[in-house]
Structure formats: C-alpha cells, structure tokens
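K.L.:
Structure file work_8.pdb (PDB, C-alpha atoms, pLDDT in the B column) right here:
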```pdb
ATOM      1  CA  MET Y   1       0.000   0.000   0.000  1.00 60.00           C
ATOM      2  CA  LYS Y   2       1.218   3.475  -0.870  1.00 69.00           C
ATOM      3  CA  THR Y   3       0.668   5.469   2.291  1.00 82.00           C
ATOM      4  CA  ASP Y   4       0.455   8.890   0.636  1.00 92.00           C
ATOM      5  CA  LEU Y   5       1.246  10.588   3.948  1.00 96.00           C
ATOM      6  CA  ASP Y   6       3.707  13.408   4.610  1.00 96.00           C
ATOM      7  CA  PHE Y   7       6.398  12.074   6.932  1.00 96.00           C
ATOM      8  CA  SER Y   8       8.831  14.871   6.079  1.00 94.00           C
ATOM      9  CA  LYS Y   9       7.833  17.500   8.619  1.00 91.00           C
ATOM     10  CA  LEU Y  10       8.907  15.597  11.725  1.00 91.00           C
ATOM     11  CA  GLY Y  11      11.944  13.812  10.333  1.00 91.00           C
ATOM     12  CA  GLY Y  12      10.190  10.665   9.177  1.00 94.00           C
ATOM     13  CA  LEU Y  13       7.416  10.667  11.754  1.00 95.00           C
ATOM     14  CA  ILE Y  14       3.755  11.596  11.796  1.00 96.00           C
ATOM     15  CA  THR Y  15       1.569  12.410  14.799  1.00 97.00           C
ATOM     16  CA  ALA Y  16      -1.097   9.823  15.623  1.00 98.00           C
ATOM     17  CA  VAL Y  17      -3.983  10.790  17.883  1.00 98.00           C
ATOM     18  CA  ILE Y  18      -5.650   7.787  19.508  1.00 98.00           C
ATOM     19  CA  GLN Y  19      -9.334   8.159  20.308  1.00 98.00           C
ATOM     20  CA  ASP Y  20     -11.779   5.713  21.903  1.00 98.00           C
ATOM     21  CA  HIS Y  21     -14.223   4.787  19.143  1.00 98.00           C
ATOM     22  CA  GLU Y  22     -17.190   4.617  21.495  1.00 97.00           C
ATOM     23  CA  THR Y  23     -16.708   7.386  24.050  1.00 97.00           C
ATOM     24  CA  GLY Y  24     -14.696   9.768  21.877  1.00 98.00           C
ATOM     25  CA  ARG Y  25     -12.146  10.189  24.641  1.00 98.00           C
ATOM     26  CA  VAL Y  26      -8.642  11.034  23.435  1.00 98.00           C
ATOM     27  CA  LEU Y  27      -6.460   8.350  24.977  1.00 98.00           C
ATOM     28  CA  MET Y  28      -2.936   9.185  23.873  1.00 98.00           C
ATOM     29  CA  VAL Y  29      -0.748  10.783  21.221  1.00 98.00           C
ATOM     30  CA  GLY Y  30       2.032   8.790  19.621  1.00 97.00           C
ATOM     31  CA  PHE Y  31       4.256   8.937  16.584  1.00 97.00           C
ATOM     32  CA  MET Y  32       4.471   6.605  13.611  1.00 97.00           C
ATOM     33  CA  ASN Y  33       7.033   6.231  10.890  1.00 97.00           C
ATOM     34  CA  GLU Y  34       5.968   4.714   7.594  1.00 97.00           C
ATOM     35  CA  GLU Y  35       6.709   1.172   8.782  1.00 97.00           C
ATOM     36  CA  ALA Y  36       4.705   1.628  11.986  1.00 98.00           C
ATOM     37  CA  PHE Y  37       1.780   2.939   9.965  1.00 98.00           C
ATOM     38  CA  GLN Y  38       1.951  -0.034   7.600  1.00 97.00           C
ATOM     39  CA  LYS Y  39       2.067  -2.451  10.553  1.00 97.00           C
ATOM     40  CA  THR Y  40      -0.911  -0.697  12.113  1.00 98.00           C
ATOM     41  CA  VAL Y  41      -2.954  -1.088   8.943  1.00 97.00           C
ATOM     42  CA  GLU Y  42      -1.878  -4.674   8.269  1.00 96.00           C
ATOM     43  CA  SER Y  43      -2.165  -6.021  11.816  1.00 97.00           C
ATOM     44  CA  GLY Y  44      -5.149  -3.996  12.993  1.00 98.00           C
ATOM     45  CA  PHE Y  45      -3.291  -3.090  16.206  1.00 98.00           C
ATOM     46  CA  ALA Y  46      -1.856   0.402  16.756  1.00 98.00           C
ATOM     47  CA  THR Y  47       1.913   0.291  16.372  1.00 98.00           C
ATOM     48  CA  PHE Y  48       4.091   3.332  17.041  1.00 98.00           C
ATOM     49  CA  TYR Y  49       7.661   4.403  16.613  1.00 97.00           C
ATOM     50  CA  SER Y  50       9.258   4.933  19.989  1.00 93.00           C
ATOM     51  CA  ARG Y  51      11.441   8.023  19.889  1.00 88.00           C
ATOM     52  CA  SER Y  52      13.139   7.103  23.160  1.00 87.00           C
ATOM     53  CA  ARG Y  53      13.924   3.510  22.164  1.00 91.00           C
ATOM     54  CA  ASN Y  54      14.326   4.168  18.428  1.00 93.00           C
ATOM     55  CA  LYS Y  55      12.279   1.196  17.383  1.00 96.00           C
ATOM     56  CA  LEU Y  56       8.787   0.047  16.501  1.00 97.00           C
ATOM     57  CA  TRP Y  57       6.516  -0.336  19.466  1.00 95.00           C
ATOM     58  CA  LEU Y  58       3.401  -2.485  19.391  1.00 97.00           C
ATOM     59  CA  LYS Y  59       1.247  -0.772  21.993  1.00 96.00           C
ATOM     60  CA  GLY Y  60       0.246  -3.347  24.603  1.00 94.00           C
ATOM     61  CA  GLU Y  61       3.142  -5.699  23.833  1.00 92.00           C
ATOM     62  CA  THR Y  62       4.005  -5.906  27.542  1.00 88.00           C
ATOM     63  CA  SER Y  63       0.769  -4.928  29.256  1.00 88.00           C
ATOM     64  CA  GLY Y  64      -1.637  -6.683  26.911  1.00 91.00           C
ATOM     65  CA  HIS Y  65      -3.516  -3.383  26.607  1.00 93.00           C
ATOM     66  CA  ARG Y  66      -3.587  -3.377  22.829  1.00 97.00           C
ATOM     67  CA  LEU Y  67      -5.440  -0.860  20.701  1.00 98.00           C
ATOM     68  CA  VAL Y  68      -7.734  -2.468  18.133  1.00 98.00           C
ATOM     69  CA  VAL Y  69      -8.033  -0.192  15.109  1.00 98.00           C
ATOM     70  CA  LYS Y  70     -11.600   0.702  14.134  1.00 98.00           C
ATOM     71  CA  GLU Y  71     -11.074   3.652  11.788  1.00 98.00           C
ATOM     72  CA  ILE Y  72      -8.157   5.693  10.464  1.00 98.00           C
ATOM     73  CA  SER Y  73      -8.422   9.274   9.227  1.00 98.00           C
ATOM     74  CA  THR Y  74      -5.843  11.779   8.052  1.00 98.00           C
ATOM     75  CA  ASP Y  75      -5.957  15.545   7.980  1.00 98.00           C
ATOM     76  CA  CYS Y  76      -5.868  18.164   5.216  1.00 96.00           C
ATOM     77  CA  ASP Y  77      -2.064  18.213   5.073  1.00 95.00           C
ATOM     78  CA  LYS Y  78      -1.763  14.432   5.435  1.00 97.00           C
ATOM     79  CA  ASP Y  79       0.736  14.963   8.238  1.00 96.00           C
ATOM     80  CA  ALA Y  80      -1.372  13.718  11.150  1.00 98.00           C
ATOM     81  CA  LEU Y  81      -3.518  10.652  11.828  1.00 98.00           C
ATOM     82  CA  LEU Y  82      -6.642  10.197  13.884  1.00 98.00           C
ATOM     83  CA  ILE Y  83      -7.104   6.559  14.852  1.00 98.00           C
ATOM     84  CA  ARG Y  84     -10.308   5.438  16.505  1.00 98.00           C
ATOM     85  CA  VAL Y  85      -9.741   2.309  18.564  1.00 98.00           C
ATOM     86  CA  GLU Y  86     -11.176  -0.170  20.972  1.00 98.00           C
ATOM     87  CA  ALA Y  87      -8.753  -0.117  23.884  1.00 97.00           C
ATOM     88  CA  LEU Y  88      -8.234  -3.561  25.415  1.00 97.00           C
ATOM     89  CA  GLY Y  89      -7.662  -3.504  29.157  1.00 92.00           C
ATOM     90  CA  PRO Y  90      -8.478  -0.908  31.812  1.00 94.00           C
ATOM     91  CA  GLY Y  91      -6.141   1.851  30.696  1.00 95.00           C
ATOM     92  CA  VAL Y  92      -3.914   3.096  27.902  1.00 96.00           C
ATOM     93  CA  CYS Y  93      -1.454   5.078  30.011  1.00 95.00           C
ATOM     94  CA  HIS Y  94       1.605   3.290  31.369  1.00 93.00           C
ATOM     95  CA  GLU Y  95       1.065   5.232  34.598  1.00 95.00           C
ATOM     96  CA  GLY Y  96      -2.192   3.398  35.247  1.00 95.00           C
ATOM     97  CA  TYR Y  97      -4.778   5.819  33.909  1.00 97.00           C
ATOM     98  CA  GLN Y  98      -7.516   5.217  31.342  1.00 97.00           C
ATOM     99  CA  SER Y  99      -6.099   8.057  29.219  1.00 98.00           C
ATOM    100  CA  CYS Y 100      -2.644   9.619  29.173  1.00 98.00           C
ATOM    101  CA  PHE Y 101      -4.427  12.973  29.455  1.00 98.00           C
ATOM    102  CA  PHE Y 102      -5.185  12.708  33.156  1.00 98.00           C
ATOM    103  CA  ARG Y 103      -3.875  16.141  34.161  1.00 97.00           C
ATOM    104  CA  ARG Y 104      -5.933  19.281  33.700  1.00 97.00           C
ATOM    105  CA  LEU Y 105      -4.823  22.889  33.865  1.00 97.00           C
ATOM    106  CA  ASN Y 106      -6.398  24.525  36.896  1.00 95.00           C
ATOM    107  CA  GLN Y 107      -5.438  28.047  37.991  1.00 92.00           C
ATOM    108  CA  GLY Y 108      -2.070  27.729  36.291  1.00 92.00           C
ATOM    109  CA  ALA Y 109      -1.206  24.299  37.720  1.00 94.00           C
ATOM    110  CA  TRP Y 110      -1.532  20.751  36.346  1.00 96.00           C
ATOM    111  CA  VAL Y 111      -3.922  18.804  38.543  1.00 96.00           C
ATOM    112  CA  GLU Y 112      -4.728  15.095  38.300  1.00 96.00           C
ATOM    113  CA  SER Y 113      -8.335  14.925  37.236  1.00 92.00           C
ATOM    114  CA  GLU Y 114      -9.099  11.237  37.684  1.00 95.00           C
ATOM    115  CA  GLU Y 115      -8.241   8.093  39.622  1.00 96.00           C
ATOM    116  CA  ARG Y 116      -5.937   5.363  38.348  1.00 96.00           C
ATOM    117  CA  ALA Y 117      -7.731   2.562  36.476  1.00 96.00           C
ATOM    118  CA  TYR Y 118      -5.121  -0.092  37.278  1.00 94.00           C
ATOM    119  CA  ASP Y 119      -1.876  -0.565  39.162  1.00 94.00           C
ATOM    120  CA  PRO Y 120       1.002  -0.200  36.679  1.00 92.00           C
ATOM    121  CA  ALA Y 121       3.477  -1.949  39.018  1.00 91.00           C
ATOM    122  CA  GLU Y 122       1.382  -5.076  38.846  1.00 89.00           C
ATOM    123  CA  VAL Y 123       0.921  -5.008  35.069  1.00 86.00           C
ATOM    124  CA  TYR Y 124       4.485  -4.173  34.069  1.00 78.00           C
ATOM    125  CA  SER Y 125       6.243  -6.511  36.503  1.00 74.00           C
ATOM    126  CA  LYS Y 126       4.624  -9.592  35.002  1.00 58.00           C
TER     127      LYS Y 126
ATOM    128  CA  MET R   1       3.022  31.057  34.733  1.00 60.00           C
ATOM    129  CA  LYS R   2       5.584  28.273  34.693  1.00 68.00           C
ATOM    130  CA  THR R   3       4.334  25.958  31.973  1.00 82.00           C
ATOM    131  CA  ASP R   4       6.060  22.800  33.246  1.00 92.00           C
ATOM    132  CA  LEU R   5       5.755  21.192  29.801  1.00 96.00           C
ATOM    133  CA  ASP R   6       8.422  19.310  27.861  1.00 96.00           C
ATOM    134  CA  PHE R   7       9.146  21.270  24.684  1.00 96.00           C
ATOM    135  CA  SER R   8      12.474  19.525  24.108  1.00 94.00           C
ATOM    136  CA  LYS R   9      11.358  16.498  22.078  1.00 91.00           C
ATOM    137  CA  LEU R  10      10.200  18.411  18.994  1.00 91.00           C
ATOM    138  CA  GLY R  11      12.761  21.202  19.012  1.00 91.00           C
ATOM    139  CA  GLY R  12      10.772  23.670  21.095  1.00 94.00           C
ATOM    140  CA  LEU R  13       7.314  22.516  20.059  1.00 95.00           C
ATOM    141  CA  ILE R  14       4.580  20.436  21.616  1.00 96.00           C
ATOM    142  CA  THR R  15       1.686  18.680  19.884  1.00 97.00           C
ATOM    143  CA  ALA R  16      -1.751  20.156  20.576  1.00 98.00           C
ATOM    144  CA  VAL R  17      -4.849  18.089  19.806  1.00 98.00           C
ATOM    145  CA  ILE R  18      -7.963  20.218  19.375  1.00 98.00           C
ATOM    146  CA  GLN R  19     -11.253  18.574  20.319  1.00 98.00           C
ATOM    147  CA  ASP R  20     -14.803  19.909  20.220  1.00 98.00           C
ATOM    148  CA  HIS R  21     -15.863  20.210  23.867  1.00 98.00           C
ATOM    149  CA  GLU R  22     -19.444  19.182  23.161  1.00 97.00           C
ATOM    150  CA  THR R  23     -19.289  16.534  20.442  1.00 97.00           C
ATOM    151  CA  GLY R  24     -15.825  15.132  21.252  1.00 98.00           C
ATOM    152  CA  ARG R  25     -14.847  15.349  17.590  1.00 98.00           C
ATOM    153  CA  VAL R  26     -11.126  15.842  17.001  1.00 98.00           C
ATOM    154  CA  LEU R  27     -10.934  18.952  14.849  1.00 98.00           C
ATOM    155  CA  MET R  28      -7.241  19.438  14.161  1.00 98.00           C
ATOM    156  CA  VAL R  29      -3.700  18.896  15.383  1.00 98.00           C
ATOM    157  CA  GLY R  30      -1.347  21.839  15.708  1.00 97.00           C
ATOM    158  CA  PHE R  31       1.935  22.685  17.365  1.00 97.00           C
ATOM    159  CA  MET R  32       2.681  25.206  20.100  1.00 98.00           C
ATOM    160  CA  ASN R  33       5.907  26.633  21.363  1.00 97.00           C
ATOM    161  CA  GLU R  34       6.018  27.981  24.900  1.00 97.00           C
ATOM    162  CA  GLU R  35       4.917  31.452  23.815  1.00 97.00           C
ATOM    163  CA  ALA R  36       1.944  30.090  21.845  1.00 98.00           C
ATOM    164  CA  PHE R  37       0.889  28.053  24.856  1.00 98.00           C
ATOM    165  CA  GLN R  38       1.118  31.101  27.131  1.00 97.00           C
ATOM    166  CA  LYS R  39      -0.940  33.150  24.654  1.00 97.00           C
ATOM    167  CA  THR R  40      -3.524  30.391  24.482  1.00 98.00           C
ATOM    168  CA  VAL R  41      -3.898  30.335  28.250  1.00 97.00           C
ATOM    169  CA  GLU R  42      -3.897  34.116  28.667  1.00 96.00           C
ATOM    170  CA  SER R  43      -6.204  34.985  25.764  1.00 97.00           C
ATOM    171  CA  GLY R  44      -8.521  31.989  25.916  1.00 98.00           C
ATOM    172  CA  PHE R  45      -8.144  31.484  22.144  1.00 98.00           C
ATOM    173  CA  ALA R  46      -6.049  28.657  20.713  1.00 98.00           C
ATOM    174  CA  THR R  47      -2.804  30.034  19.335  1.00 98.00           C
ATOM    175  CA  PHE R  48      -0.297  27.874  17.509  1.00 98.00           C
ATOM    176  CA  TYR R  49       3.197  28.096  16.168  1.00 97.00           C
ATOM    177  CA  SER R  50       3.168  27.860  12.400  1.00 93.00           C
ATOM    178  CA  ARG R  51       6.043  25.685  11.229  1.00 88.00           C
ATOM    179  CA  SER R  52       5.655  26.852   7.632  1.00 87.00           C
ATOM    180  CA  ARG R  53       5.546  30.562   8.446  1.00 91.00           C
ATOM    181  CA  ASN R  54       7.801  30.391  11.541  1.00 93.00           C
ATOM    182  CA  LYS R  55       5.594  32.589  13.649  1.00 96.00           C
ATOM    183  CA  LEU R  56       2.726  32.580  16.118  1.00 97.00           C
ATOM    184  CA  TRP R  57      -0.626  31.936  14.550  1.00 95.00           C
ATOM    185  CA  LEU R  58      -3.869  32.904  16.228  1.00 97.00           C
ATOM    186  CA  LYS R  59      -6.267  30.343  14.753  1.00 96.00           C
ATOM    187  CA  GLY R  60      -9.140  32.224  13.108  1.00 94.00           C
ATOM    188  CA  GLU R  61      -7.188  35.451  12.684  1.00 92.00           C
ATOM    189  CA  THR R  62      -8.223  35.643   9.014  1.00 88.00           C
ATOM    190  CA  SER R  63     -11.358  33.489   8.890  1.00 88.00           C
ATOM    191  CA  GLY R  64     -12.862  34.518  12.217  1.00 91.00           C
ATOM    192  CA  HIS R  65     -13.149  30.823  13.050  1.00 93.00           C
ATOM    193  CA  ARG R  66     -11.497  31.112  16.442  1.00 97.00           C
ATOM    194  CA  LEU R  67     -11.220  28.310  18.952  1.00 98.00           C
ATOM    195  CA  VAL R  68     -12.480  29.269  22.415  1.00 98.00           C
ATOM    196  CA  VAL R  69     -10.590  27.286  25.030  1.00 98.00           C
ATOM    197  CA  LYS R  70     -12.787  25.347  27.435  1.00 98.00           C
ATOM    198  CA  GLU R  71     -10.306  22.944  29.043  1.00 98.00           C
ATOM    199  CA  ILE R  72      -6.616  22.105  28.708  1.00 98.00           C
ATOM    200  CA  SER R  73      -5.072  18.753  29.631  1.00 98.00           C
ATOM    201  CA  THR R  74      -1.568  17.364  29.285  1.00 98.00           C
ATOM    202  CA  ASP R  75      -0.355  13.791  29.101  1.00 98.00           C
ATOM    203  CA  CYS R  76       1.842  11.596  31.282  1.00 96.00           C
ATOM    204  CA  ASP R  77       5.060  12.830  29.683  1.00 95.00           C
ATOM    205  CA  LYS R  78       3.877  16.443  29.531  1.00 97.00           C
ATOM    206  CA  ASP R  79       4.845  16.552  25.865  1.00 96.00           C
ATOM    207  CA  ALA R  80       1.353  16.782  24.353  1.00 97.00           C
ATOM    208  CA  LEU R  81      -1.745  18.886  24.974  1.00 98.00           C
ATOM    209  CA  LEU R  82      -5.417  18.105  24.617  1.00 98.00           C
ATOM    210  CA  ILE R  83      -7.446  21.283  24.272  1.00 98.00           C
ATOM    211  CA  ARG R  84     -11.220  21.127  24.357  1.00 98.00           C
ATOM    212  CA  VAL R  85     -12.723  24.081  22.546  1.00 98.00           C
ATOM    213  CA  GLU R  86     -15.840  25.732  21.276  1.00 98.00           C
ATOM    214  CA  ALA R  87     -15.155  26.233  17.580  1.00 97.00           C
ATOM    215  CA  LEU R  88     -16.570  29.514  16.268  1.00 97.00           C
ATOM    216  CA  GLY R  89     -17.789  29.330  12.687  1.00 92.00           C
ATOM    217  CA  PRO R  90     -18.801  26.411  10.494  1.00 94.00           C
ATOM    218  CA  GLY R  91     -15.443  24.689  10.179  1.00 95.00           C
ATOM    219  CA  VAL R  92     -11.919  24.484  11.551  1.00 96.00           C
ATOM    220  CA  CYS R  93     -10.189  23.286   8.399  1.00 95.00           C
ATOM    221  CA  HIS R  94      -8.881  25.883   5.942  1.00 93.00           C
ATOM    222  CA  GLU R  95     -10.143  23.609   3.161  1.00 95.00           C
ATOM    223  CA  GLY R  96     -13.741  24.190   4.233  1.00 95.00           C
ATOM    224  CA  TYR R  97     -14.458  21.162   6.390  1.00 97.00           C
ATOM    225  CA  GLN R  98     -15.734  21.032   9.958  1.00 97.00           C
ATOM    226  CA  SER R  99     -12.665  19.010  10.971  1.00 98.00           C
ATOM    227  CA  CYS R 100      -9.273  18.699   9.303  1.00 98.00           C
ATOM    228  CA  PHE R 101      -9.745  14.926   9.578  1.00 98.00           C
ATOM    229  CA  PHE R 102     -12.149  14.617   6.662  1.00 98.00           C
ATOM    230  CA  ARG R 103     -10.367  11.750   4.876  1.00 97.00           C
ATOM    231  CA  ARG R 104     -10.812   8.170   5.962  1.00 97.00           C
ATOM    232  CA  LEU R 105      -8.769   5.132   5.016  1.00 97.00           C
ATOM    233  CA  ASN R 106     -10.902   2.817   2.918  1.00 95.00           C
ATOM    234  CA  GLN R 107      -9.446  -0.264   1.209  1.00 92.00           C
ATOM    235  CA  GLY R 108      -5.988   1.313   1.203  1.00 92.00           C
ATOM    236  CA  ALA R 109      -7.069   4.700  -0.152  1.00 94.00           C
ATOM    237  CA  TRP R 110      -7.894   8.026   1.506  1.00 96.00           C
ATOM    238  CA  VAL R 111     -11.515   8.879   0.825  1.00 96.00           C
ATOM    239  CA  GLU R 112     -13.308  12.104   1.690  1.00 96.00           C
ATOM    240  CA  SER R 113     -15.868  11.150   4.301  1.00 92.00           C
ATOM    241  CA  GLU R 114     -17.928  14.327   4.564  1.00 95.00           C
ATOM    242  CA  GLU R 115     -19.159  17.410   2.727  1.00 96.00           C
ATOM    243  CA  ARG R 116     -17.588  20.831   3.011  1.00 96.00           C
ATOM    244  CA  ALA R 117     -19.131  23.028   5.736  1.00 96.00           C
ATOM    245  CA  TYR R 118     -18.235  26.326   4.043  1.00 94.00           C
ATOM    246  CA  ASP R 119     -16.582  27.697   0.946  1.00 94.00           C
ATOM    247  CA  PRO R 120     -12.967  28.520   1.799  1.00 92.00           C
ATOM    248  CA  ALA R 121     -12.566  30.795  -1.233  1.00 91.00           C
ATOM    249  CA  GLU R 122     -15.267  33.048   0.139  1.00 89.00           C
ATOM    250  CA  VAL R 123     -13.908  33.150   3.689  1.00 86.00           C
ATOM    251  CA  TYR R 124     -10.242  33.636   2.861  1.00 78.00           C
ATOM    252  CA  SER R 125     -10.698  36.201   0.100  1.00 75.00           C
ATOM    253  CA  LYS R 126     -12.370  38.717   2.395  1.00 58.00           C
TER     254      LYS R 126
END
```
Just give me the structure of the file as structure tokens.
P.N.:
Amino acid sequence: MKTDLDFSKLGGLITAVIQDHETGRVLMVGFMNEEAFQKTVESGFATFYSRSRNKLWLKGETSGHRLVVKEISTDCDKDALLIRVEALGPGVCHEGYQSCFFRRLNQGAWVESEERAYDPAEVYSK
Amino acid sequence: MKTDLDFSKLGGLITAVIQDHETGRVLMVGFMNEEAFQKTVESGFATFYSRSRNKLWLKGETSGHRLVVKEISTDCDKDALLIRVEALGPGVCHEGYQSCFFRRLNQGAWVESEERAYDPAEVYSK
C-alpha cells in the first residue's frame, strides 16, 4: 500500500492521535514512521515508533492493553492521523490511567483529574 | 506562569490536539511553542506556532473561526496537549471542512468522508 502521507515535517514521523471509538475520549498521542503505519494497517493493532527507544513499538506488547483499530483518518495536510480504537484492558497510560491525558490545567497548575484505572506496578512486573 | 511542559522532544514545540468540547470530535492537530501556549492560556483562544511561516498563529485570525478554550489537559510525559474548545464558525479546516480529519482510510485509499461546511474561497478572500 502506498501510504500517501507526509512524513517529512517531523523527520520521518507523523503524529497519531488515539481516540476511543465509542466514548470519543482522546487516549494518547504517539508517533508513527511509515513502517509503523503499515504495521498498524496490516495487523489492525496500533503500532508506534518509539522516539526514546528508536524502534517500533506495538502498543500493549508488555501490558496486553492493545489498541484495536476501528477507523483511520488523516488531515488536510496528510501529516497527522486520527485513529479510533477499541482499547483492550483498563487503561492506555503506562502510569495506570484510562487516558494519558489525566492532568488538567487549573489556575495555572496541572492537577490530576481522575483516579488510576489499574496498578502499573502489577501489570508491568509480570 | 511556569508551563512545566516538555518542549524539548520536537525542538521547542509540543503537539496540541484540538477537540470539540461538546461533540468530542477531534478537529485538528497543531503545534505550540512555549509562547503560543502562554498566549492560548492568557487569551482563551487557541494560538499555535506555524512551522511553515515560523511565527505565532492565532487560529481564526483571518477566517474569524477562532477556537475558544474550554479545558486544557496534558499527558503523562507532559509533551502533548489536549485542548477542548468551542469552535466559532462552520469549520476548523482551511479547506472548508468542519474538521481537518475529513479523509478516511478505505481499502488502502484516503476517501473524503464528509461534505464541506463552508466555501474557503469566500472566507479567505475577504
């Protein structure tokens, strides 16, 4: 498949916004290179490029909290993706929250706005 | 205000996901530098850093389609923002669509999945 996406603006990467397909909640933002995008499309599981580890990263590889792809959209400039998913498991965030966006700006400070959905120590020590 | 965000991973920029505060629709993805973020918080209107024009960009400056900030969240790594907004005007996308994410992947091809909400030639020629 020809991806027809613009990976040039972020040095080979494209922003991927992950949204729950039922609730509409934005769960996380990751980055994909062309290979990660291809893997995502072929496998049906969201696969990112980890900038810290410099390698492909199948989300949920360790935790089991995979993201099942339901719909993929791109934007006007074809330099960002919106991926609607079914999130397996209680939470997407490696810190134990349902969404990585668990901190809200309140009077100039970031405040945790929800409880943890699972204990990350338990999940990641398995 | 001390922003306490990590602008280092994208050379001074942070990803900002813009979501309709009522419908939950993801409308666009932009980038902010620290100054754009400060302006966004102070003014209450989403302000980005334009990578193509290398300057701050008050969304809606030309079209009038401003984004009124309702809520700002950040993620676990504090390197992405989720901004829930009230979008003024019929559409956020400069190509005339309600959302920039108007193309959906269908059998390996990007297909327009909605009608235009306004005529961009009319709005941007004023």
K.L.:
Using all atoms listed in the file, tabulate the residues of region 11-107 of chain R lying at most 8 Å from any atom of region 15-29 of chain Y, each with its closest atom pair and that distance in Å to one decimal, by chain and increasing residue number, as a Markdown table.
P.N.:
```
| residue | atom | partner | partner_atom | distance |
| --- | --- | --- | --- | --- |
| R:Val17 | CA | Y:Val17 | CA | 7.6 |
| R:Gly24 | CA | Y:Gly24 | CA | 5.5 |
| R:Arg25 | CA | Y:Gly24 | CA | 7.0 |
| R:Asp75 | CA | Y:Met28 | CA | 7.4 |
| R:Ala80 | CA | Y:Val29 | CA | 7.1 |
| R:Leu82 | CA | Y:Val26 | CA | 7.9 |
```
K.L.:
List every protein, DNA or RNA residue that has at least one atom no more than 9 Å from (-1.9, -7.8, 30.8) in the file's coordinates, counting only C-alpha atoms, and write the result as a PDB file with C-alpha atoms, in the coordinates of the input.
P.N.:
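Saved file part38.pdb follows:
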```
ATOM      1  CA  GLY Y  60       0.246  -3.347  24.603  1.00 94.00           C
ATOM      2  CA  GLU Y  61       3.142  -5.699  23.833  1.00 92.00           C
ATOM      3  CA  THR Y  62       4.005  -5.906  27.542  1.00 88.00           C
ATOM      4  CA  SER Y  63       0.769  -4.928  29.256  1.00 88.00           C
ATOM      5  CA  GLY Y  64      -1.637  -6.683  26.911  1.00 91.00           C
ATOM      6  CA  HIS Y  65      -3.516  -3.383  26.607  1.00 93.00           C
ATOM      7  CA  GLY Y  89      -7.662  -3.504  29.157  1.00 92.00           C
ATOM      8  CA  VAL Y 123       0.921  -5.008  35.069  1.00 86.00           C
ATOM      9  CA  TYR Y 124       4.485  -4.173  34.069  1.00 78.00           C
ATOM     10  CA  LYS Y 126       4.624  -9.592  35.002  1.00 58.00           C
TER      11      LYS Y 126
END
```
K.L.:
Can you tell me which residues surround Ser43 (chain R) at a distance of at most 10 Å, considering all atoms listed in the file, apart from same-chain residues fewer than 4 positions away, and format the answer as a PyMOL selection string?
P.N.:
chain R and resi 37-39+47+68-69
K.L.:
Find the nearest atom pair between each residue of chain Y and chain R for residues within 7 Å, count all atoms listed in the file, give distances in Å to one decimal, sort rows by chain and ascending number, and present the table as a Markdown table.
P.N.:
```
| residue | atom | partner | partner_atom | distance |
| --- | --- | --- | --- | --- |
| Y:Met1 | CA | R:Gly108 | CA | 6.2 |
| Y:Gly24 | CA | R:Gly24 | CA | 5.5 |
| Y:Ile72 | CA | R:Leu105 | CA | 5.5 |
| Y:Ser73 | CA | R:Arg104 | CA | 4.2 |
| Y:Thr74 | CA | R:Phe101 | CA | 5.2 |
| Y:Asp75 | CA | R:Phe101 | CA | 4.2 |
| Y:Cys76 | CA | R:Cys100 | CA | 5.3 |
| Y:Cys100 | CA | R:Asp75 | CA | 4.8 |
| Y:Phe101 | CA | R:Asp75 | CA | 4.2 |
| Y:Phe102 | CA | R:Asp75 | CA | 6.4 |
| Y:Arg103 | CA | R:Ser73 | CA | 5.4 |
| Y:Arg104 | CA | R:Ser73 | CA | 4.2 |
| Y:Leu105 | CA | R:Ile72 | CA | 5.5 |
| Y:Gly108 | CA | R:Met1 | CA | 6.3 |
```
K.L.:
CA of Met32 (chain Y) and CA of Leu58 (chain R) are how many Å apart?
P.N.:
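CA of Met32 (chain Y) sits 27.7 Å away from CA of Leu58 (chain R).
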K.L.:
Provide the CA of Ile14 (chain R) to CA of Leu67 (chain R) distance in Å, to one decimal place.
P.N.:
17.9 Å
K.L.:
State, in Å with one decimal place, the distance from CA of Arg66 (chain R) to CA of Asp119 (chain R).
P.N.:
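Calculated distance between CA of Arg66 (chain R) and CA of Asp119 (chain R) is 16.7 Å.
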K.L.:
Compare R:Lys70, R:Glu35, R:Gln98, R:Glu42 by their minimum atom-to-atom distance to Glu86 (chain R), counting all atoms listed in the file, and give me the closest one.
P.N.:
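Among R:Lys70, R:Glu35, R:Gln98, R:Glu42, it is R:Lys70 that comes nearest to Glu86 (chain R).
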K.L.:
Is there a way to complete region 108-119 of chain R with N, CA and C atoms and then write that out as a PDB file, in the coordinates of the input?
P.N.:
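The file below, part03.pdb, is the result:
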```
ATOM      1  N   GLY R 108      -7.320   0.846   1.586  1.00 92.00           N
ATOM      2  CA  GLY R 108      -5.988   1.313   1.203  1.00 92.00           C
ATOM      3  C   GLY R 108      -5.937   2.671   0.524  1.00 92.00           C
ATOM      4  N   ALA R 109      -7.067   3.364   0.468  1.00 94.00           N
ATOM      5  CA  ALA R 109      -7.069   4.700  -0.152  1.00 94.00           C
ATOM      6  C   ALA R 109      -7.730   5.714   0.784  1.00 94.00           C
ATOM      7  N   TRP R 110      -7.287   6.961   0.701  1.00 96.00           N
ATOM      8  CA  TRP R 110      -7.894   8.026   1.506  1.00 96.00           C
ATOM      9  C   TRP R 110      -9.117   8.560   0.776  1.00 96.00           C
ATOM     10  N   VAL R 111     -10.254   8.490   1.445  1.00 96.00           N
ATOM     11  CA  VAL R 111     -11.515   8.879   0.825  1.00 96.00           C
ATOM     12  C   VAL R 111     -12.173   9.986   1.641  1.00 96.00           C
ATOM     13  N   GLU R 112     -12.607  11.033   0.977  1.00 96.00           N
ATOM     14  CA  GLU R 112     -13.308  12.104   1.690  1.00 96.00           C
ATOM     15  C   GLU R 112     -14.578  11.546   2.292  1.00 96.00           C
ATOM     16  N   SER R 113     -14.765  11.808   3.595  1.00 92.00           N
ATOM     17  CA  SER R 113     -15.868  11.150   4.301  1.00 92.00           C
ATOM     18  C   SER R 113     -16.962  12.129   4.710  1.00 92.00           C
ATOM     19  N   GLU R 114     -16.873  13.363   4.238  1.00 95.00           N
ATOM     20  CA  GLU R 114     -17.928  14.327   4.564  1.00 95.00           C
ATOM     21  C   GLU R 114     -17.945  15.456   3.548  1.00 95.00           C
ATOM     22  N   GLU R 115     -19.011  16.245   3.605  1.00 96.00           N
ATOM     23  CA  GLU R 115     -19.159  17.410   2.727  1.00 96.00           C
ATOM     24  C   GLU R 115     -18.463  18.617   3.343  1.00 96.00           C
ATOM     25  N   ARG R 116     -18.113  19.561   2.505  1.00 96.00           N
ATOM     26  CA  ARG R 116     -17.588  20.831   3.011  1.00 96.00           C
ATOM     27  C   ARG R 116     -18.660  21.553   3.832  1.00 96.00           C
ATOM     28  N   ALA R 117     -18.208  22.275   4.880  1.00 96.00           N
ATOM     29  CA  ALA R 117     -19.131  23.028   5.736  1.00 96.00           C
ATOM     30  C   ALA R 117     -19.222  24.491   5.302  1.00 96.00           C
ATOM     31  N   TYR R 118     -18.206  24.956   4.561  1.00 94.00           N
ATOM     32  CA  TYR R 118     -18.235  26.326   4.043  1.00 94.00           C
ATOM     33  C   TYR R 118     -17.316  26.396   2.831  1.00 94.00           C
ATOM     34  N   ASP R 119     -17.411  27.507   2.134  1.00 94.00           N
ATOM     35  CA  ASP R 119     -16.582  27.697   0.946  1.00 94.00           C
ATOM     36  C   ASP R 119     -15.326  28.483   1.328  1.00 94.00           C
TER      37      ASP R 119
END
```
